[in-house]
Each structure stands twice: as structure tokens, then as C-alpha cells.
Amino acid sequence: MENADLTPMTAQIVSEVEGGKYETWSSSKFPLLGKTNVGAGRLTLQPRGFALPHYSDSSKVGYVLQGTEVVVGMVLPNSSHQKVLKLKKGDIIPVPLGAVSWWFNNGDSELILVFLGETSTALIPGEFSYFLLTGAMGILGGFSTELTSRAYNLTKDEVQKLTKSQTGVLIIKLEEGKHMPNPKKDMSSKLVYSIDAAEPDIAIKNGGSVTKVTESEFAFIGETGLSAVRIKLEANAIKSANFPANYAVQLIYITKGNGKVEIVGINGKLVLDTTVKAGDLLVVPQFYVVAQIAGPDGMELLSVLTTTKPILEELAGDTSIWEALSPAVLEASLNVDEEFQQLFLSNTKKTSILIPPTI
């Protein structure tokens with residue numbers, strides 16, 4: 001991991017049709033994804049675009065970047081009931097391993113979702129593999145006519161109709177007049193989390209906000225083994241450095257704006273110091289330290305961590321690790337006198353993990 005390339009990654013189009021497109025970050029092009037067992041994908045649906053029913057080999061968290069009328073159907077493992085949910089911009093939806101889902105844009109504008117997850121169970125480390133139930137690449141058409149005929153008590157002609165009528169792959173566009181199931185509001189409140197409506201854990205004037213989503217705030221996310229943190233930085237503000245103390249990998253997606261990211265790794269080496277923009281994906285290996293600086297237009301990001309109970313140790317602010325160390329230890333470790341040690345701690349207590357720009 002010491003010599004891993006942490007350069008921000010951009011997605012590549014896997015499939016693009018009239019109904020929308022699916023993009024992914026390939027572990028063959030970005031080996032760090034495979035080494036850290038995390039993956040990502042981005043789904044765009046045009047109005048009336050429909051992603052066919054499928055399941056995947058990985059747990060992930062979906063985040064709505066754009067869209068107002070998103071309808072999702074999900075059948076959870078060991079369940080015989082379909083749950084129909086409604087999503088909008090700013091919503092988070094966990095997709096547990098093995099869940100069958102379909103996605104439909106019922107609005108009149110483009111829908112964009114990003115999926116971030118872990119791939120320890122994946123066929124290809126660092127990538128999500130999807131198994132479509134129907135369509136030209138669906139598992140339904142993969143079996144022999146004889147087996148399908150006997151399994152469903154159909155004639156050969158009926159088997160042909162069952163398996164070959166849908167010629168689309170992954171995404172299609174439904175005709176006007178075709179209606180999908182209506183979402184259930186009570187179910188959406190249990191399985192969907194609006195991070196936009198949530199009270200931030202930390203909010204600093206002219207600095208920004210930090211909002212955590214763990215199983216304490218949203219029980220359903222625990223079924224993925226993941227948690228999430230949304231950081232919003234105002235213009236030129238800083239999110240001070242932190243590191244996960246419990247072996248979590250951080251997968252960071254820049255959702256809006258631009259800025260700069262710095263990462264420090266083993267032996268105090270600055271392993272990344274680069275600009276980032278909306279749509280970039282970054283991996284922060286376990287125990288590495290990361291900080292962000294927003295550009296003149298501000299910056300927003302979503303970080304998904306490979307743990308249900310993230311422990312993020314801060315290196316600045318009144319809750320920083322420095323506060324826990326005794327003055328004598330600080331003096332000896334920094335090789336400074338008592339006066340400077342007191343100045344350092346005093347200044348640290350006056351700051352936050354979100355630092356507004358200096359005027």
C-alpha cells in the first residue's frame with residue numbers, strides 16, 4: 001500500500017442507451033480499488049428510464065445527486081415482498097448484498113445516483129458485478145429451453161417469449177402510459193435517509209457542516225456493513241485532518257464544487273496533494289490521514305467507510321487527540337518548551353474541525 005497511486009479517479013461509461021447510462025470505476029485501471037476492496041458506480045436515468053431488476057455481489061450505499069421523482073423497488077434477501085420506495089436529491093439508500101432492485105425515473109429531469117461500497121465478497125475485487133434477471137443478458141435466458149420449460153410449465157414457444165421479448169440490457173426507456181408501482185411512504189421512511197434534512201453533527205458559520213450516517217441514526221445502513229459522512233465546505237474553508245482508528249477504508253466522492261485534498265500515509269509521507277472536482281473518486285487507505293480545502297465556490301463530498309461504527313480521530317479542534325496527551329508528553333514529543341506547548345494547545349482549543357477562511 002505504501003507506493004499505491006492515490007490519484008483521483010474518473011468514471012468510464014459501461015453502457016449508454018436512450019433510457020440512461022451506467023458508469024463505473026474499473027479496478028484494472030485503478031488498482032487501489034481492488035487492493036482496498038472498495039468499489040463505485042454511477043447510474044443516470046433519463047425521464048422514464050428504467051434499470052431492469054438485478055442483484056449484485058457487493059453491499060453498497062446509493063446517494064441521489066440529482067432527481068426528484070425516483071421510484072425504487074427492492075426485494076431484500078429472505079423476503080417474498082417487494083418494497084417500493086421514493087427517493088429525491090440528497091437521499092441515501094443502502095443496498096445490502098444480494099438484494100434485488102429496480103430503479104425508475106418518474107420525473108421530468110435527469111436522475112443521477114452514485115453507489116459506493118465494499119467488495120470483499122465480489123467476484124472481481126474493486127468492482128460491482130451485476131446479475132440481471134431479465135433482458136438480453138438476463139439469467140432467465142441463460143438456461144436451456146428444456147429446463148426453463150419444465151421449471152415454469154411452458155411450451156417452447158412460451159419459453160422463447162419469456163426469455164427473448166426483452167432485448168434491452170440493464171437500462172430501457174418505458175413508453176408513456178406504462179405505470180410502475182406507487183411508493184409506500186411509511187416504508188420509505190424506514191429504508192431511505194434524507195441527509196439534507198438531517199441535523200448536522202457539526203456546523204460552523206462560513207466553515208460548513210459535517211453529517212454522519214451510522215446505524216445509530218439510520219438502522220438500515222447497518223445491513224450493508226457501511227457508514228457515511230457528508231461534508232459541506234463553504235468557499236475556501238478547510239476540513240482539518242483526521243484518520244479512522246478502526247481499520248476503515250474511506251471511499252470519497254466529490255459531489256459538488258472543487259478544491260484540494262491532502263493525504264499523509266506511512267512514515268509521515270505526503271502521498272497525495274492534488275486538486276479535485278465534482279465527479280472525482282478517491283480512496284483513503286486504512287489509517288491514512290486526510291484533509292480537504294474547498295475552492296472559491298465551496299466543495300461537498302460524500303465519504304463511505306467500510307465499518308458500521310466509524311471512529312474518526314481528529315488532529316485539530318477542541319476534541320483533537322492533542323487534548324488527550326499530557327503537557328509533558330507534548331513538550332517531549334514536539335521538542336518544544338512549555339510556553340510553546342501551551343500556545344499550541346490554547347490555539348487548538350479555539351478552533352474546530354471546520355475552519356472558515358481567514359479574512
# chains A, B, ... in the order shown; residues from 1 in each chain; ligands from 1
$ residues_around --residues "stretch 107-118 of chain A" --least-positions-apart "6" --cutoff "8 Å" --atoms "only C-alpha atoms" --output "short mmCIF file (atom, residue, chain, number, x, y, z; two decimals) with N, CA and C atoms, in the first residue's frame"
data_model
loop_
_atom_site.label_atom_id
_atom_site.label_comp_id
_atom_site.auth_asym_id
_atom_site.auth_seq_id
_atom_site.Cartn_x
_atom_site.Cartn_y
_atom_site.Cartn_z
N ASN A 37 -10.44 -3.24 -1.53
CA ASN A 37 -11.75 -3.88 -1.57
C ASN A 37 -12.91 -2.90 -1.45
N VAL A 38 -12.85 -1.84 -2.24
CA VAL A 38 -13.98 -0.91 -2.34
C VAL A 38 -14.30 -0.69 -3.82
N GLY A 39 -15.52 -0.26 -4.10
CA GLY A 39 -15.93 -0.05 -5.48
C GLY A 39 -16.96 1.06 -5.59
N ALA A 40 -17.22 1.48 -6.82
CA ALA A 40 -18.17 2.57 -7.05
C ALA A 40 -18.77 2.47 -8.44
N GLY A 41 -19.98 3.00 -8.57
CA GLY A 41 -20.65 3.07 -9.86
C GLY A 41 -21.58 4.27 -9.87
N ARG A 42 -21.97 4.70 -11.06
CA ARG A 42 -22.87 5.87 -11.18
C ARG A 42 -23.95 5.56 -12.20
N LEU A 43 -25.20 5.73 -11.80
CA LEU A 43 -26.36 5.45 -12.64
C LEU A 43 -27.05 6.75 -13.02
N THR A 44 -27.25 6.93 -14.32
CA THR A 44 -28.00 8.08 -14.84
C THR A 44 -29.22 7.55 -15.57
N LEU A 45 -30.39 8.03 -15.20
CA LEU A 45 -31.63 7.65 -15.88
C LEU A 45 -32.31 8.90 -16.43
N GLN A 46 -32.65 8.85 -17.72
CA GLN A 46 -33.43 9.90 -18.33
C GLN A 46 -34.89 9.75 -17.88
N PRO A 47 -35.73 10.77 -18.06
CA PRO A 47 -37.14 10.62 -17.72
C PRO A 47 -37.73 9.34 -18.33
N ARG A 48 -38.37 8.54 -17.50
CA ARG A 48 -38.96 7.23 -17.83
C ARG A 48 -37.89 6.16 -18.08
N SER A 58 -22.03 -7.22 -4.10
CA SER A 58 -21.43 -6.31 -3.12
C SER A 58 -22.50 -5.51 -2.39
N SER A 59 -22.20 -5.13 -1.16
CA SER A 59 -23.04 -4.20 -0.42
C SER A 59 -22.62 -2.78 -0.78
N LYS A 60 -23.59 -1.88 -0.85
CA LYS A 60 -23.26 -0.51 -1.23
C LYS A 60 -24.29 0.46 -0.69
N VAL A 61 -23.94 1.73 -0.78
CA VAL A 61 -24.83 2.82 -0.39
C VAL A 61 -25.06 3.69 -1.61
N GLY A 62 -26.32 3.93 -1.94
CA GLY A 62 -26.66 4.82 -3.04
C GLY A 62 -26.96 6.22 -2.53
N TYR A 63 -26.55 7.23 -3.28
CA TYR A 63 -26.77 8.63 -2.91
C TYR A 63 -27.29 9.37 -4.13
N VAL A 64 -28.44 10.04 -3.98
CA VAL A 64 -29.07 10.73 -5.10
C VAL A 64 -28.42 12.10 -5.28
N LEU A 65 -27.70 12.26 -6.39
CA LEU A 65 -27.05 13.53 -6.71
C LEU A 65 -28.01 14.51 -7.37
N GLN A 66 -28.96 13.94 -8.14
CA GLN A 66 -29.87 14.78 -8.91
C GLN A 66 -31.13 13.98 -9.20
N GLY A 67 -32.28 14.61 -9.09
CA GLY A 67 -33.54 13.92 -9.38
C GLY A 67 -34.58 14.21 -8.32
N THR A 68 -35.85 14.15 -8.70
CA THR A 68 -36.93 14.49 -7.77
C THR A 68 -37.98 13.39 -7.63
N GLU A 69 -38.15 12.58 -8.66
CA GLU A 69 -39.19 11.55 -8.63
C GLU A 69 -38.57 10.20 -8.95
N VAL A 70 -37.83 9.67 -7.99
CA VAL A 70 -37.15 8.39 -8.19
C VAL A 70 -37.95 7.30 -7.50
N GLY A 126 -12.77 -4.78 -6.05
CA GLY A 126 -12.75 -3.40 -6.52
C GLY A 126 -13.84 -3.06 -7.52
N LEU A 226 -21.66 -0.70 6.31
CA LEU A 226 -21.05 0.56 5.94
C LEU A 226 -21.61 1.72 6.76
N LEU A 251 -13.95 5.80 1.12
CA LEU A 251 -14.16 5.99 -0.31
C LEU A 251 -14.88 7.33 -0.46
N VAL A 304 -17.88 7.22 2.21
CA VAL A 304 -18.43 5.96 2.74
C VAL A 304 -17.28 5.17 3.36
N THR A 306 -15.89 1.64 5.45
CA THR A 306 -16.15 0.20 5.50
C THR A 306 -16.27 -0.30 6.93
#
$ residues_around --residues "A:Trp322" --least-positions-apart "5" --cutoff "10 Å" --atoms "only C-alpha atoms" --output "VMD selection string"
chain A and resid 314 to 317 327 329 to 330 344 to 345 348 to 349
$ write_last_selection --atoms "N, CA and C atoms" --output "short mmCIF file (atom, residue, chain, number, x, y, z; two decimals), in the first residue's frame"
data_model
loop_
_atom_site.label_atom_id
_atom_site.label_comp_id
_atom_site.auth_asym_id
_atom_site.auth_seq_id
_atom_site.Cartn_x
_atom_site.Cartn_y
_atom_site.Cartn_z
N GLU A 314 -9.59 13.15 15.27
CA GLU A 314 -9.30 14.45 14.69
C GLU A 314 -7.94 14.96 15.15
N LEU A 315 -7.25 15.68 14.27
CA LEU A 315 -5.95 16.26 14.59
C LEU A 315 -6.02 17.76 14.79
N ALA A 316 -7.23 18.30 14.86
CA ALA A 316 -7.42 19.73 15.15
C ALA A 316 -8.75 19.89 15.87
N GLY A 317 -8.96 21.06 16.45
CA GLY A 317 -10.20 21.31 17.16
C GLY A 317 -10.13 20.93 18.62
N PRO A 327 0.72 17.55 28.99
CA PRO A 327 1.66 18.60 28.57
C PRO A 327 3.10 18.10 28.48
N VAL A 329 4.19 15.12 27.84
CA VAL A 329 4.35 14.26 26.66
C VAL A 329 4.43 15.12 25.39
N LEU A 330 3.60 16.16 25.32
CA LEU A 330 3.63 17.04 24.15
C LEU A 330 4.97 17.76 24.04
N PHE A 344 0.27 26.18 21.66
CA PHE A 344 -0.28 25.21 20.70
C PHE A 344 -1.63 24.67 21.18
N LEU A 345 -1.70 24.25 22.44
CA LEU A 345 -2.96 23.70 22.96
C LEU A 345 -4.04 24.77 23.03
N THR A 348 -5.35 25.33 19.61
CA THR A 348 -6.12 24.16 19.17
C THR A 348 -7.52 24.20 19.74
N LYS A 349 -7.65 24.57 21.01
CA LYS A 349 -8.96 24.62 21.66
C LYS A 349 -9.88 25.67 21.04
#
$ residues_around --residues "A:Ile204" --least-positions-apart "6" --cutoff "9 Å" --atoms "only C-alpha atoms" --output "PyMOL selection string"
chain A and resi 352+354-356
$ residues_around --residues "A:Leu272" --least-positions-apart "6" --cutoff "8 Å" --atoms "only C-alpha atoms" --output "PyMOL selection string"
chain A and resi 6-7+261-264
$ write_last_selection --atoms "N, CA and C atoms" --output "CSV table (one decimal), in the first residue's frame"
chain,number,residue,atom,x,y,z
A,6,LEU,N,-2.7,7.1,-5.4
A,6,LEU,CA,-4.0,7.7,-4.8
A,6,LEU,C,-4.6,8.8,-5.7
A,7,THR,N,-4.2,8.9,-6.9
A,7,THR,CA,-4.7,9.9,-7.8
A,7,THR,C,-6.2,9.8,-7.9
A,261,VAL,N,-7.3,18.2,-1.9
A,261,VAL,CA,-7.2,17.1,-0.9
A,261,VAL,C,-5.8,16.7,-0.7
A,262,GLU,N,-5.4,16.6,0.6
A,262,GLU,CA,-4.1,16.2,1.0
A,262,GLU,C,-4.2,14.9,1.9
A,263,ILE,N,-3.4,13.9,1.6
A,263,ILE,CA,-3.4,12.7,2.3
A,263,ILE,C,-1.9,12.4,2.8
A,264,VAL,N,-1.8,12.0,4.0
A,264,VAL,CA,-0.5,11.6,4.6
A,264,VAL,C,-0.5,10.2,5.0
$ select_by_dssp --residues "stretch 171-278 of chain A" --states "strand (DSSP E)" --output "count of residues only"
51
$ decode --residues "stretch 226-252 of chain A" --atoms "N, CA and C atoms" --output "PDB file, in the first residue's frame"
ATOM      1  N   LEU A 226     -21.663  -0.701   6.314  1.00  0.00           N
ATOM      2  CA  LEU A 226     -21.047   0.565   5.937  1.00  0.00           C
ATOM      3  C   LEU A 226     -21.608   1.718   6.764  1.00  0.00           C
ATOM      4  N   SER A 227     -20.967   2.862   6.667  1.00  0.00           N
ATOM      5  CA  SER A 227     -21.472   4.109   7.230  1.00  0.00           C
ATOM      6  C   SER A 227     -21.075   5.232   6.277  1.00  0.00           C
ATOM      7  N   ALA A 228     -21.612   6.412   6.505  1.00  0.00           N
ATOM      8  CA  ALA A 228     -21.348   7.514   5.579  1.00  0.00           C
ATOM      9  C   ALA A 228     -21.159   8.823   6.329  1.00  0.00           C
ATOM     10  N   VAL A 229     -20.408   9.724   5.716  1.00  0.00           N
ATOM     11  CA  VAL A 229     -20.209  11.070   6.244  1.00  0.00           C
ATOM     12  C   VAL A 229     -20.338  12.043   5.077  1.00  0.00           C
ATOM     13  N   ARG A 230     -21.186  13.058   5.244  1.00  0.00           N
ATOM     14  CA  ARG A 230     -21.310  14.101   4.219  1.00  0.00           C
ATOM     15  C   ARG A 230     -20.652  15.378   4.748  1.00  0.00           C
ATOM     16  N   ILE A 231     -19.714  15.911   3.991  1.00  0.00           N
ATOM     17  CA  ILE A 231     -19.012  17.134   4.365  1.00  0.00           C
ATOM     18  C   ILE A 231     -19.355  18.229   3.362  1.00  0.00           C
ATOM     19  N   LYS A 232     -19.810  19.374   3.881  1.00  0.00           N
ATOM     20  CA  LYS A 232     -20.078  20.553   3.062  1.00  0.00           C
ATOM     21  C   LYS A 232     -19.137  21.654   3.519  1.00  0.00           C
ATOM     22  N   LEU A 233     -18.318  22.145   2.611  1.00  0.00           N
ATOM     23  CA  LEU A 233     -17.369  23.199   2.937  1.00  0.00           C
ATOM     24  C   LEU A 233     -17.749  24.478   2.200  1.00  0.00           C
ATOM     25  N   GLU A 234     -17.780  25.571   2.929  1.00  0.00           N
ATOM     26  CA  GLU A 234     -18.006  26.869   2.305  1.00  0.00           C
ATOM     27  C   GLU A 234     -16.744  27.286   1.542  1.00  0.00           C
ATOM     28  N   ALA A 235     -16.845  28.360   0.798  1.00  0.00           N
ATOM     29  CA  ALA A 235     -15.725  28.815  -0.032  1.00  0.00           C
ATOM     30  C   ALA A 235     -14.447  28.969   0.784  1.00  0.00           C
ATOM     31  N   ASN A 236     -13.394  28.287   0.312  1.00  0.00           N
ATOM     32  CA  ASN A 236     -12.038  28.376   0.889  1.00  0.00           C
ATOM     33  C   ASN A 236     -11.927  27.871   2.328  1.00  0.00           C
ATOM     34  N   ALA A 237     -12.944  27.174   2.808  1.00  0.00           N
ATOM     35  CA  ALA A 237     -12.883  26.599   4.154  1.00  0.00           C
ATOM     36  C   ALA A 237     -12.079  25.296   4.144  1.00  0.00           C
ATOM     37  N   ILE A 238     -11.677  24.875   5.338  1.00  0.00           N
ATOM     38  CA  ILE A 238     -10.855  23.672   5.483  1.00  0.00           C
ATOM     39  C   ILE A 238     -11.564  22.664   6.382  1.00  0.00           C
ATOM     40  N   LYS A 239     -11.529  21.396   5.980  1.00  0.00           N
ATOM     41  CA  LYS A 239     -11.861  20.290   6.894  1.00  0.00           C
ATOM     42  C   LYS A 239     -10.529  19.743   7.373  1.00  0.00           C
ATOM     43  N   SER A 240     -10.264  19.916   8.669  1.00  0.00           N
ATOM     44  CA  SER A 240      -8.953  19.544   9.199  1.00  0.00           C
ATOM     45  C   SER A 240      -8.724  18.035   9.120  1.00  0.00           C
ATOM     46  N   ALA A 241      -7.494  17.641   9.314  1.00  0.00           N
ATOM     47  CA  ALA A 241      -7.075  16.251   9.113  1.00  0.00           C
ATOM     48  C   ALA A 241      -7.671  15.313  10.159  1.00  0.00           C
ATOM     49  N   ASN A 242      -8.032  14.109   9.707  1.00  0.00           N
ATOM     50  CA  ASN A 242      -8.443  13.045  10.625  1.00  0.00           C
ATOM     51  C   ASN A 242      -8.046  11.693  10.056  1.00  0.00           C
ATOM     52  N   PHE A 243      -8.171  10.665  10.884  1.00  0.00           N
ATOM     53  CA  PHE A 243      -7.883   9.309  10.430  1.00  0.00           C
ATOM     54  C   PHE A 243      -8.830   8.336  11.124  1.00  0.00           C
ATOM     55  N   PRO A 244      -9.206   7.249  10.444  1.00  0.00           N
ATOM     56  CA  PRO A 244     -10.061   6.241  11.076  1.00  0.00           C
ATOM     57  C   PRO A 244      -9.232   5.347  11.988  1.00  0.00           C
ATOM     58  N   ALA A 245      -9.685   5.209  13.221  1.00  0.00           N
ATOM     59  CA  ALA A 245      -8.916   4.442  14.198  1.00  0.00           C
ATOM     60  C   ALA A 245      -9.327   2.970  14.256  1.00  0.00           C
ATOM     61  N   ASN A 246     -10.232   2.565  13.383  1.00  0.00           N
ATOM     62  CA  ASN A 246     -10.698   1.175  13.447  1.00  0.00           C
ATOM     63  C   ASN A 246     -10.660   0.490  12.080  1.00  0.00           C
ATOM     64  N   TYR A 247      -9.564   0.655  11.379  1.00  0.00           N
ATOM     65  CA  TYR A 247      -9.275  -0.129  10.181  1.00  0.00           C
ATOM     66  C   TYR A 247     -10.241   0.126   9.023  1.00  0.00           C
ATOM     67  N   ALA A 248     -10.922   1.238   9.008  1.00  0.00           N
ATOM     68  CA  ALA A 248     -11.859   1.513   7.924  1.00  0.00           C
ATOM     69  C   ALA A 248     -11.162   2.170   6.737  1.00  0.00           C
ATOM     70  N   VAL A 249     -11.565   1.751   5.540  1.00  0.00           N
ATOM     71  CA  VAL A 249     -11.158   2.421   4.310  1.00  0.00           C
ATOM     72  C   VAL A 249     -12.213   3.487   4.016  1.00  0.00           C
ATOM     73  N   GLN A 250     -11.765   4.649   3.555  1.00  0.00           N
ATOM     74  CA  GLN A 250     -12.694   5.713   3.175  1.00  0.00           C
ATOM     75  C   GLN A 250     -12.740   5.828   1.649  1.00  0.00           C
ATOM     76  N   LEU A 251     -13.954   5.800   1.117  1.00  0.00           N
ATOM     77  CA  LEU A 251     -14.163   5.994  -0.313  1.00  0.00           C
ATOM     78  C   LEU A 251     -14.879   7.330  -0.460  1.00  0.00           C
ATOM     79  N   ILE A 252     -14.209   8.305  -1.071  1.00  0.00           N
ATOM     80  CA  ILE A 252     -14.710   9.677  -1.113  1.00  0.00           C
ATOM     81  C   ILE A 252     -15.124  10.050  -2.532  1.00  0.00           C
TER      82      ILE A 252
END
